[in-house]
Every structure is written in structure tokens, then in C-alpha cells.
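Structure, as C-alpha cells:
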Amino acid sequence: MILLLGLACAPEPTEEDSQPTAPAEASLSVRDEHLAVEVGTPATLAAIASEGTVRWTFGDGAAAEGSEVVHQWAEPGNYTAIAELSAADGRRLTAAVRMEVHLPAAAVAPSVSGLLGVDPEGRVWVVTPEADVVAVLAPDADPVYLPCGDGPRSVSFLGGDAVVSHADGTIGRWSRADLTPLPGWDAGRGSEPWGAAVRGTELLVALGGTGEVLRIPAEGEPEHIPVGPDPRAVAVAPDGTVFVSRFRSAPYGGEVYRLGADPVYLPEHPGPDSDTVTGGVPTLLETLAISPDGGTLYLPVLQANVHRGLLSTGDPLTFETTTRAALGVVAVDAAAEDWADRKVFDNQDRTYAVAPSPTGNYLAVAHPGTGTVQLLDAYSLDLVGSLPGAGAGLRGLVWTADALYTYAWLDRTVSAWQPGEPGAIPTLLWSASTVPAEPLDAEVLAGKRLFHDSGDPRLAKDGYIACASCHPDGTDDGLTWDFTSRGEGIRNTASLEGRAGTGMGWLHWSANFDEVQDFENDIRNAFGGTGLLDDADWAETSDTLGPAKAGRSEELDALAAYVTSLDTTPPSPWAAEVTPERAALYVEAGCAECHPAPLYTDSSLDALRLHDIGTLGKHSGKRMGERLEGLDTPTLLGVWATPPYLHDGSAEDLEAAIGAHVHLDLDPATVAELAAYTRGL
């Protein structure tokens with residue numbers, strides 16, 4: 001019945017139906033557009049073609065024919081396999097497969113310190129130093145904020161626990177299972193715990209204050225291992241090698257300490273300077289990363305061009321030749337980095353963190369000054385994508401199989417991104433706040449963001465320099481610069497910590513600023529920014545000792561508010577050296593005449609007091625375009641943490657700095673006693 005009904009309803013043929021059918025247009029596609037395969041492992045690539053023979057090229061010089069082919073790559077890298085079809089109509093059709101040919105992951109994953117980490121349960125743990133909390137974040141759960149010690153700095157995972165180091169010298173511990181606090185450790189006053197990483201069942205913590213690594217075994221007493229000045233980040237390679245970064249470099253180059261072996265040397269980049277590449281010393285090595293296979297160590301740095309200058313080389317420092325972001329790359333078993341292998345970035349002031357992709361074939365690089373994440377091919381270091389506007393104070397990166405996590409510290413936000421294909425802008429998956437409430441005054445927070453910002457054209461030209469480039473977190477970079485082109489001379493960077501803005505008097509060695517707002521002059525001149533003042537106010541106040549800039553710009557006043565908030569110095573691990581006997585000797589020797597307690601400086605905005613202790617010379621430059629008669633007295637509070645010393649950085653230690661006071665005529669034993677006293681302040 002149904003068949004008959006169907007026949008009865010069949011339409012009559014039409015003229016259009018009798019026309020010949022046009023041949024189908026040739027087509028070509030691939031079954032998989034992206035494949036990841038270990039190096040040396042055969043991979044099957046399939047093409048879907050409407051006609052003819054498909055010819056393949058694999059990006060490594062090899063070729064084959066067939067709709068389905070098998071190929072293996074001898075070297076790791078990011079390749080593009082191209083399928084090509086020559087159609088009968090004369091057209092050439094192509095389709096591509098993106099190949100991530102990667103090294104096998106190490107049996108034991110590398111362990112690295114950082115401000116955030118992702119635990120085995122997929123939760124993000126992140127520290128917020130100003131709020132004294134550890135946030136535990138996940139996309140499908142409410143944030144949990146765990147109160148912790150003062151100034152949390154690094155988070156890592158030891159067995160079933162989460163471990164956090166703190167500026168107050170303690171190392172806290174929580175159970176990951178129920179987020180309850182567990183007994184932790186105390187590294188001691190002034191020890192300055194920073195990065196912490198795990199090797200097997202033991203924890204390794206960098207103690208920036210004492211120049212040690214604290215090894216905390218699963219059983220037994222902790223061990224203090226001396227490494228050298230300024231240890232900061234810790235990374236453990238799969239073979240057990242422990243790397244510890246030296247945060248602030250020496251003038252000759254950077255270092256990465258290795259426990260039980262010689263340091264890895266990071267040489268100065270020789271240049272030449274241009275608008276895209278400048279030379280300099282790699283410094284501010286805050287974090288480390290190791291490739292998933294365990295073979296490569298990544299070193300995110302700021303490159304400081306300290307050996308360029310009008311007096312030193314005849315070439316003035318400019319906005320684009322002073323500092324520049326860079327990324328060092330070195331084999332984990334190498335004795336030194338080759339500067340020629342270093343990636344130098346254009347239009348970026350600093351590289352803070354780097355995270356390899358799960359295969360190790362790509363790198364995410366964080367530039368905090370501009371709030372930009374750049375994505376690189378890990379083998380060529382070519383730029384393959386970017387994520388601009390990732391947030392203020394971009395400091396944390398972790399890349400897992402699920403997402404790329406970013407931590408915008410000054411926006412108080414952790415975000416999870418799907419990176420996608422090279423060249424594509426990552427897609428935001430979720431984000432969460434790292435604090436239950438903002439811990440800073442609104443004006444201070446706004447100023448802190450400005451202080452760390454190089455991307456705002458009002459502050460700097462082309463993203464090269466932020467206040468934090470030379471004063472990381474308000475401290476000092478430990479370097480000496482040739483500022484002759486600024487009308488100054490050879491100048492050792494001074495820390496802003498404890499000074500409370502102008503709370504200790506004039507600013508700079510030559511006392512050429514009488515208010516924090518005078519940094520507008522550096523912003524407009526040295527940084528190349530357009531400024532935070534309007535042009536009329538700038539014309540009236542450009543003389544740093546003339547009419548006040550305060551009250552003329554909300555942003556400039558906010559910047560001053562942040563600098564003024566820096567009213568404490570880190571506690572000294574040698575505080576016990578400050579004895580009554582040494583205090584009496586300090587006064588008897590005449591030190592208190594220029595460095596009187598409690599501020600240990602005679603500098604004051606009430607009266608100009610400049611001193612020449614015998615260190616001034618032709619290299620010392622001028623003051624306000626006139627002869628430099630003397631120097632402003634620096635405070636001795638926190639001086640233990642700020643080598644080198646003197647205005648020209650010529651004293652490597654406190655003994656040399658005290659001995660340079662030729663008018664005191666001190667014997668070596670007295671110098672040693674005075675150095676012990678000041679080291680404890």
C-alpha cells in the first residue's frame with residue numbers, strides 16, 4: 001500500500017531534471033588539524049581528498065604521498081605538515097596539520113617556587129602579601145581565604161600539604177584535604193624566606209636575608225646551607241639538581257646557585273644597543289622555570305644597561321637603552337648561559353615569570369610593567385601570540401593541561417585562560433579575587449600600580465621603564481648607574497624602604513628633590529613619558545626645588561602616597577650585634593654626628609646638609625647643574641640589605657664603606673666593630 005502510494009505521488013520529470021549534473025568542486029581537508037607526539041614516535045596523518053593523489057611535506061625536509069601517511073620527526077619542535085593536492089581544474093589545494101613534536105616528560109616533574117600553584121586536585125593556591133592571606137580558588141567553588149603569617153611570598157606542595165613562606169621568617173603549612181593549619185617552621189628573624197620548592201620528601205627554602213637555603217627533611221632537623229647573596233627563587237630539576245636564583249646581580253653578571261656545584265653564570269649582553277635590542281647585565285631574577293623534560297632552565301630577567309653612560313662610554317642613557325626585558329635559556333647541566341641564546345624583548349621593561357606548556361613546546365612569558373603575556377615557540381623563541389591587558393602587577397604563571405593561569409597581583413585577580421592555536425588571543429575561562437577585601441588604602445593602591453607600570457604612555461615611552469625597574473617593590477636593584485646625562489654622576493641605587501617618602505629629608509644622593517612628586521621629572525625626561533601633570537603645571541614646577549608639584553595631579557599624589565607608605569625596613573638577621581658597647585663606640589667614633597639615632601641620618605627638609613667624606617671625584621657629577629659640594633646622608637636603617645655602598649657603589653661591604661670615611665681615621669678593629677653594629681640596625 002505504501003509503495004503504490006509512493007508511485008502515485010511521484011512527480012513528472014522536468015526539463016531542469018534532464019540537464020547534466022555539474023562535476024563536484026575539488027576539495028581537500030585533514031582529519032586532525034593539531035597533533036602532539038613524542039619525538040621519534042610515528043604519527044599517522046590523514047587527508048580527505050575528493051580526487052587525485054595527496055603529497056605531504058613534514059617541515060623537516062621529508063615528503064611522502066598518500067591519503068594516509070606515517071612519519072616520525074628526529075628532532076623536537078613545532079612543525080607544520082602540509083598536504084597538497086593538484087586538482088583536475090588546475091587549482092592547487094593545501095591543508096595543514098600543526099605538529100607539536102615534544103621531548104618525553106620526565107618521570108619526576110620539576111618543582112619550582114612561585115606566587116601561585118595548582119595542586120593535584122586542580123585548585124589554585126595564591127598568596128597576597130599585603131593581605132596576609134592564601135587564597136584557594138577553583139571554578140566551581142567559592143574562594144577560601146586562609147589567614148597566614150606576615151607577607152606570604154611563595155606557595156608549594158609537599159606531600160598532602162601546602163606550604164607558604166613568609167616575610168616574617170616563618171614557613172606555614174596546611175592540609176590540602178581539609179585546609180586546616182599544621183605545625184610549620186621558623187627560619188629566624190631577618191631570614192627573609194622567599195621561594196620554596198620540593199625535592200622528594202624534603203622542602204628547600206631560599207633565605208634571602210642570610211644567603212642560605214633551608215633544607216627541611218621529612219625527618220630530622222632542618223639544615224642551613226650557605227649559597228651566596230640574595231637567594232630568591234628555587235627550582236628542582238627531575239634529576240634532583242637544586243637551582244637558586246640570585247635576585248640582584250653583581251655588576252659583572254648574574255648567577256644561579258646550584259647546591260653542591262658551581263653557580264651557573266649569566267653574562268652581560270654586549271649589545272650593540274639599538275631600538276630593538278640593548279645590552280646589559282641580567283638581574284632581578286625573581287622566578288625560575290624548568291622544561292617538562294627536565295633539560296632546560298628558563299631565566300626571566302631585566303637586562304640593566306649599567307655600563308652605558310655619558311661618562312662611561314660617551315653614550316647617554318635613553319628611555320630605550322636603560323632597561324629591557326629578557327629571557328635566558330640554558331641547559332640544566334651547563335656551567336654558563338650563552339648571551340647569544342637570550343631572548344631580548346622589544347617594548348617591555350622586565351620579564352618576571354615564565355611557564356612552559358604541558359608539552360614544553362611553547363612558553364608563556366609575563367611582563368608586569370605592561371601587563372602582557374607573550375607566547376613563544378620554545379625552540380626558536382619566536383613570538384607566536386600574546387595576551388595584552390592581563391592585569392596590573394602580572395607576576396604569576398602556571399600552564400597545565402587544563403588552562404594557563406595568570407596572577408595579576410595588583411588587580412588581586414587570578415584568571416584561567418584557554419590559549420588556543422598560535423596567533424589566537426587566549427579565551428578567558430574564569431577568574432577570581434585573591435583577597436576577601438582590599439587591604440590597602442585606595443590612594444596607596446593606585447600609586448602602587450603607577451609605580452609598577454611601564455605601559456601607560458604618561459609614565460614611560462614604549463613600555464621600557466617603570467619606577468619598579470630600579471626600585472623593585474620599593475627596594476633597590478643593587479646596581480650603580482652612570483647618570484651623567486641627567487646632570488648627576490655615577491649613582492648607586494638607593495632603597496626607598498623606611499624613608500617614608502621625604503620622612504628622612506631630601507631625595508637622591510645630591511638632595512635634588514624635595515618632594516616625591518618631583519619624580520615627574522624622571523618620568524618626563526629619563527622615562528620618556530608624557531607626564532602626570534598637565535603642561536601648564538609642568539612649566540611652572542619643572543624646577544625640582546621650585547614651586548611644589550603636590551596637589552596638582554591625583555595620579556602624581558597617589559604615586560607619592562605609595563612611596564610615603566614605605567616606612568619600614570626589613571629586620572636584620574644580625575640584630576643581636578647591636579650591643580650597648582658597640583652603640584657607645586659608634587658615638588665615640590663620631591658616626592652619630594651625621595647618622596644620629598633614631599633615623600640614623602641628619603638629612604632633613606628643614607636644612608640642607610651635604611657632606612664629603614673623601615669619596616667625591618670627577619665621576620661624582622653635579623647637583624642642579626652646579627658643583628657638587630657634598631652628599632645627602634643616607635640612613636643606616638636596613639643598610640645590611642643594600643650593598644654595594646657609597647654614592648658610587650665603590651664599597652662592596654660595610655667595612656669598606658666605613659673605611660672610606662677618611663676623616664674618621666679608624667683602625668681595622670674599630671671598623672669591624674662598627675660594621676657589626678650597623679649591620680644589625
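We label chains A, B, ... in the order they appear in the C-alpha cells, count residues from 1 in each chain, and number ligands from 1 in the order shown.
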Check: segment 636-647 of chain A: which residues within 6 Å, counting only C-alpha atoms, same-chain residues fewer than 4 positions away excluded, as a list in words?
Finding: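 Contacts, in chain order: Arg491, Asn492, Thr569, Tyr600, Ala651, Glu652, Arg679 and Leu681 of chain A.
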Written file, previous selection with N, CA and C atoms, as a CSV table (one decimal), in the first residue's frame:
```csv
chain,number,residue,atom,x,y,z
A,491,ARG,N,75.9,56.8,40.2
A,491,ARG,CA,75.0,56.7,41.3
A,491,ARG,C,74.5,55.3,41.6
A,492,ASN,N,74.8,55.0,42.9
A,492,ASN,CA,74.3,53.7,43.4
A,492,ASN,C,72.8,53.8,43.8
A,569,THR,N,61.8,49.2,57.3
A,569,THR,CA,62.9,48.4,56.7
A,569,THR,C,62.8,47.0,57.2
A,600,TYR,N,69.1,57.6,62.1
A,600,TYR,CA,70.4,57.4,61.6
A,600,TYR,C,70.8,58.2,60.3
A,651,ALA,N,82.1,50.6,47.5
A,651,ALA,CA,82.3,49.8,48.6
A,651,ALA,C,81.4,48.6,48.6
A,652,GLU,N,82.1,47.4,48.5
A,652,GLU,CA,81.3,46.2,48.4
A,652,GLU,C,80.7,45.7,49.7
A,679,ARG,N,75.4,46.7,60.8
A,679,ARG,CA,74.8,45.5,60.1
A,679,ARG,C,73.5,45.0,60.9
A,681,LEU,N,71.3,47.0,62.4
A,681,LEU,CA,70.3,48.1,62.5
A,681,LEU,C,69.1,47.7,61.7
```
Sorted per-residue table, segment 342-423 of chain A near segment 464-472 of chain A, closest atoms and distance, 7 Å, only C-alpha atoms, as a tab-separated table:
```
residue	atom	partner	partner_atom	distance
A:Asn347	CA	A:Tyr464	CA	5.6
A:Gln348	CA	A:Tyr464	CA	5.0
A:Asp349	CA	A:Tyr464	CA	4.2
A:Gly369	CA	A:Ala466	CA	6.6
```
For the residues selected in the previous step, produce a file with N, CA and C atoms as a JSON list (two decimals), in the first residue's frame.
```
[["chain", "number", "residue", "atom", "x", "y", "z"],
["A", 347, "ASN", "N", 60.05, 46.77, 23.61],
["A", 347, "ASN", "CA", 58.92, 47.47, 24.23],
["A", 347, "ASN", "C", 58.41, 46.81, 25.51],
["A", 348, "GLN", "N", 59.34, 46.24, 26.29],
["A", 348, "GLN", "CA", 58.99, 45.64, 27.58],
["A", 348, "GLN", "C", 60.12, 45.96, 28.56],
["A", 349, "ASP", "N", 59.75, 46.25, 29.83],
["A", 349, "ASP", "CA", 60.78, 46.66, 30.79],
["A", 349, "ASP", "C", 61.34, 45.50, 31.60],
["A", 369, "GLY", "N", 55.26, 45.16, 33.76],
["A", 369, "GLY", "CA", 55.16, 46.58, 33.51],
["A", 369, "GLY", "C", 54.05, 46.95, 32.56]]
```
Notebook entry, point to check: So which residues touch Pro193 of chain A within 7 Å, counting only C-alpha atoms, skipping near sequence neighbours fewer than 2 positions away, as a list in words?
Noted result: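 Once the adjacent positions are removed, what remains is Ser165, His166, Ala167, Gly169, Ser191, Gly195, Val205, Ala206, Leu207 and Gly208 of chain A.
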Using only C-alpha atoms, which protein or nucleic acid residues come within 8 Å of segment 535-552 of chain A? Drop anything in the same chain fewer than 2 positions from it, and give the result as a PDB file with C-alpha atoms, in the first residue's frame.
```pdb
ATOM      1  CA  ASN A 512      67.978  67.418  44.282  1.00  0.00           C
ATOM      2  CA  PHE A 513      64.319  66.523  45.048  1.00  0.00           C
ATOM      3  CA  ASP A 514      62.362  67.974  47.972  1.00  0.00           C
ATOM      4  CA  GLU A 515      59.085  66.096  47.349  1.00  0.00           C
ATOM      5  CA  GLN A 517      56.135  64.357  43.250  1.00  0.00           C
ATOM      6  CA  ASP A 518      59.447  65.520  41.731  1.00  0.00           C
ATOM      7  CA  ASN A 521      60.942  64.965  36.167  1.00  0.00           C
ATOM      8  CA  LEU A 533      50.944  66.839  35.338  1.00  0.00           C
ATOM      9  CA  GLU A 554      45.673  62.976  41.646  1.00  0.00           C
ATOM     10  CA  LEU A 556      51.124  62.026  40.961  1.00  0.00           C
ATOM     11  CA  ASP A 557      49.878  62.453  44.526  1.00  0.00           C
TER      12      ASP A 557
END
```
Margin query: Could you check the closest approach to Ala331 of chain A for each of A:Thr678, A:Thr370, A:Thr296, A:Ser86 and tell me which residue wins, using only C-alpha atoms?
Written below: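 Ranking A:Thr678, A:Thr370, A:Thr296, A:Ser86 by distance to Ala331 of chain A, first place goes to A:Thr296.
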Check: So which residues touch Gln303 of chain A within 6 Å, counting only C-alpha atoms, skipping near sequence neighbours fewer than 5 positions away, as a VMD selection string?
Finding: chain A and resid 280 to 282 323 to 325
Prev. selection, N, CA and C atoms, output as a compact mmCIF listing (two decimals), in the first residue's frame:
```
# COMPACT_ATOMS: atom_id res chain seq x y z
N GLY A 280 73.34 44.69 28.43
CA GLY A 280 73.15 44.89 29.84
C GLY A 280 73.34 43.64 30.67
N VAL A 281 73.32 43.84 31.98
CA VAL A 281 73.50 42.77 32.94
C VAL A 281 72.14 42.16 33.29
N PRO A 282 71.99 40.83 33.23
CA PRO A 282 70.71 40.21 33.60
C PRO A 282 70.54 40.23 35.12
N THR A 323 66.81 49.94 30.44
CA THR A 323 66.39 48.61 30.87
C THR A 323 65.59 47.95 29.76
N ARG A 324 65.59 46.62 29.79
CA ARG A 324 64.84 45.88 28.77
C ARG A 324 64.58 44.47 29.28
N ALA A 325 63.43 43.92 28.95
CA ALA A 325 63.07 42.57 29.35
C ALA A 325 63.86 41.54 28.55
```
Next item on the list: Between A:Gly478, A:Leu383, A:Pro358, A:Gly211, single out the one closest to Gly254 of chain A, counting only C-alpha atoms.
Entry: A:Gly478
Note to self: Can you pull out the residues contacting Ala355 of chain A? Cut-off 12 Å, using only C-alpha atoms, and skip same-chain residues under 4 positions away; I want them as a PyMOL selection string.
What the structure shows: chain A and resi 110+112-114+116-117+287-292+297-300+327+351+359-366+373-376+378+395-400+403-406
Next item on the list: Find the residue from A:Pro388, A:Gly630, A:Gly61, A:Gly649 that sits nearest to Thr80 of chain A; use only C-alpha atoms when measuring.
Entry: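 Checking each candidate against Thr80 of chain A, we get A:Gly61 as the closest.
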So that I can check the surroundings of Thr210 of chain A, please list as a CSV table (one decimal) with N, CA and C atoms, in the first residue's frame every protein, DNA and RNA residue that reaches within 9 Å of it, counting only C-alpha atoms and ignoring chain neighbours fewer than 3 positions away.
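Saved result, selection29.csv, follows:
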```
chain,number,residue,atom,x,y,z
A,190,GLY,N,64.7,38.0,60.4
A,190,GLY,CA,65.5,38.5,59.4
A,190,GLY,C,66.0,37.5,58.3
A,191,SER,N,65.5,36.3,58.4
A,191,SER,CA,66.0,35.3,57.5
A,191,SER,C,65.4,35.5,56.1
A,192,GLU,N,64.3,36.2,56.0
A,192,GLU,CA,63.7,36.6,54.7
A,192,GLU,C,63.4,35.3,53.8
A,207,LEU,N,66.6,31.6,51.7
A,207,LEU,CA,66.6,32.6,52.8
A,207,LEU,C,67.4,33.8,52.3
A,213,VAL,N,70.1,28.4,51.9
A,213,VAL,CA,68.9,27.6,51.6
A,213,VAL,C,68.6,26.7,52.9
A,226,PRO,N,74.7,27.5,53.2
A,226,PRO,CA,75.1,28.7,52.6
A,226,PRO,C,75.2,28.6,51.1
A,228,GLY,N,75.1,32.1,48.9
A,228,GLY,CA,75.6,33.4,48.4
A,228,GLY,C,74.6,34.5,48.6
A,229,PRO,N,74.9,35.7,48.1
A,229,PRO,CA,74.0,36.8,48.4
A,229,PRO,C,72.6,36.7,47.7
A,230,ASP,N,71.6,37.2,48.3
A,230,ASP,CA,70.3,37.5,47.7
A,230,ASP,C,69.6,36.3,47.1
A,231,PRO,N,69.6,35.1,47.7
A,231,PRO,CA,68.9,34.0,47.0
A,231,PRO,C,67.4,34.3,47.0
A,573,PRO,N,68.9,40.1,60.3
A,573,PRO,CA,69.2,38.8,61.0
A,573,PRO,C,70.4,39.0,61.9
```
Checklist line | Picked from segment 45-243 of chain A by DSSP as strand (DSSP E or B), as a ChimeraX atom specification | finding: /A:45-49,54-57,63-65,68-71,77-86,92-102,111-112,116-118,124-128,133-138,141-147,152-158,161-166,170-175,181-186,193-199,202-207,212-216,223-226,231-236,242-243
Next item on the list: Between atom CA of Pro439 of chain A and atom CA of Val163 of chain A, measure the distance and give it in Å to one decimal.
Entry: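 Distance reported for this atom pair: 22.6 Å.
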Check: Quick one: of A:Pro436, A:Thr635, A:Gly617, A:Ala196, who's nearest to Ser495 of chain A, counting only C-alpha atoms?
Finding: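 The answer is A:Thr635, which sits nearest to Ser495 of chain A.
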Note to self: If you run DSSP on the backbone here, which positions in segment 339-483 of chain A get helix (DSSP H, G or I)? Please write them as a list in words.
What the structure shows: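 Listing helix (DSSP H, G or I) positions across segment 339-483 of chain A yields Trp339, Ala340, Asp341, Trp409, Leu410, Asp411, Ala442, Glu443, Val444, Leu445, Ala446, Gly447, Lys448, Arg449, Leu450, Phe451, Cys467, Ala468, Ser469, Cys470, Pro472, Asp473 and Gly474 of chain A.
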Margin query: With distances taken over only C-alpha atoms, which residue among A:Leu137, A:Ala261, A:Ala197, A:Leu214 lies nearest Thr170 of chain A?
Written below: A:Leu214
Check: Distance atom CA of Val414 of chain A-atom CA of Lys461 of chain A, one decimal place?
Finding: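 We find that atom CA of Val414 of chain A and atom CA of Lys461 of chain A lie 28.1 Å from each other.
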Check: How many Å lie between atom CA of Arg412 of chain A and atom CA of Asp150 of chain A, rounded to one decimal?
Finding: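 Between these atoms lies a distance of 17.3 Å.
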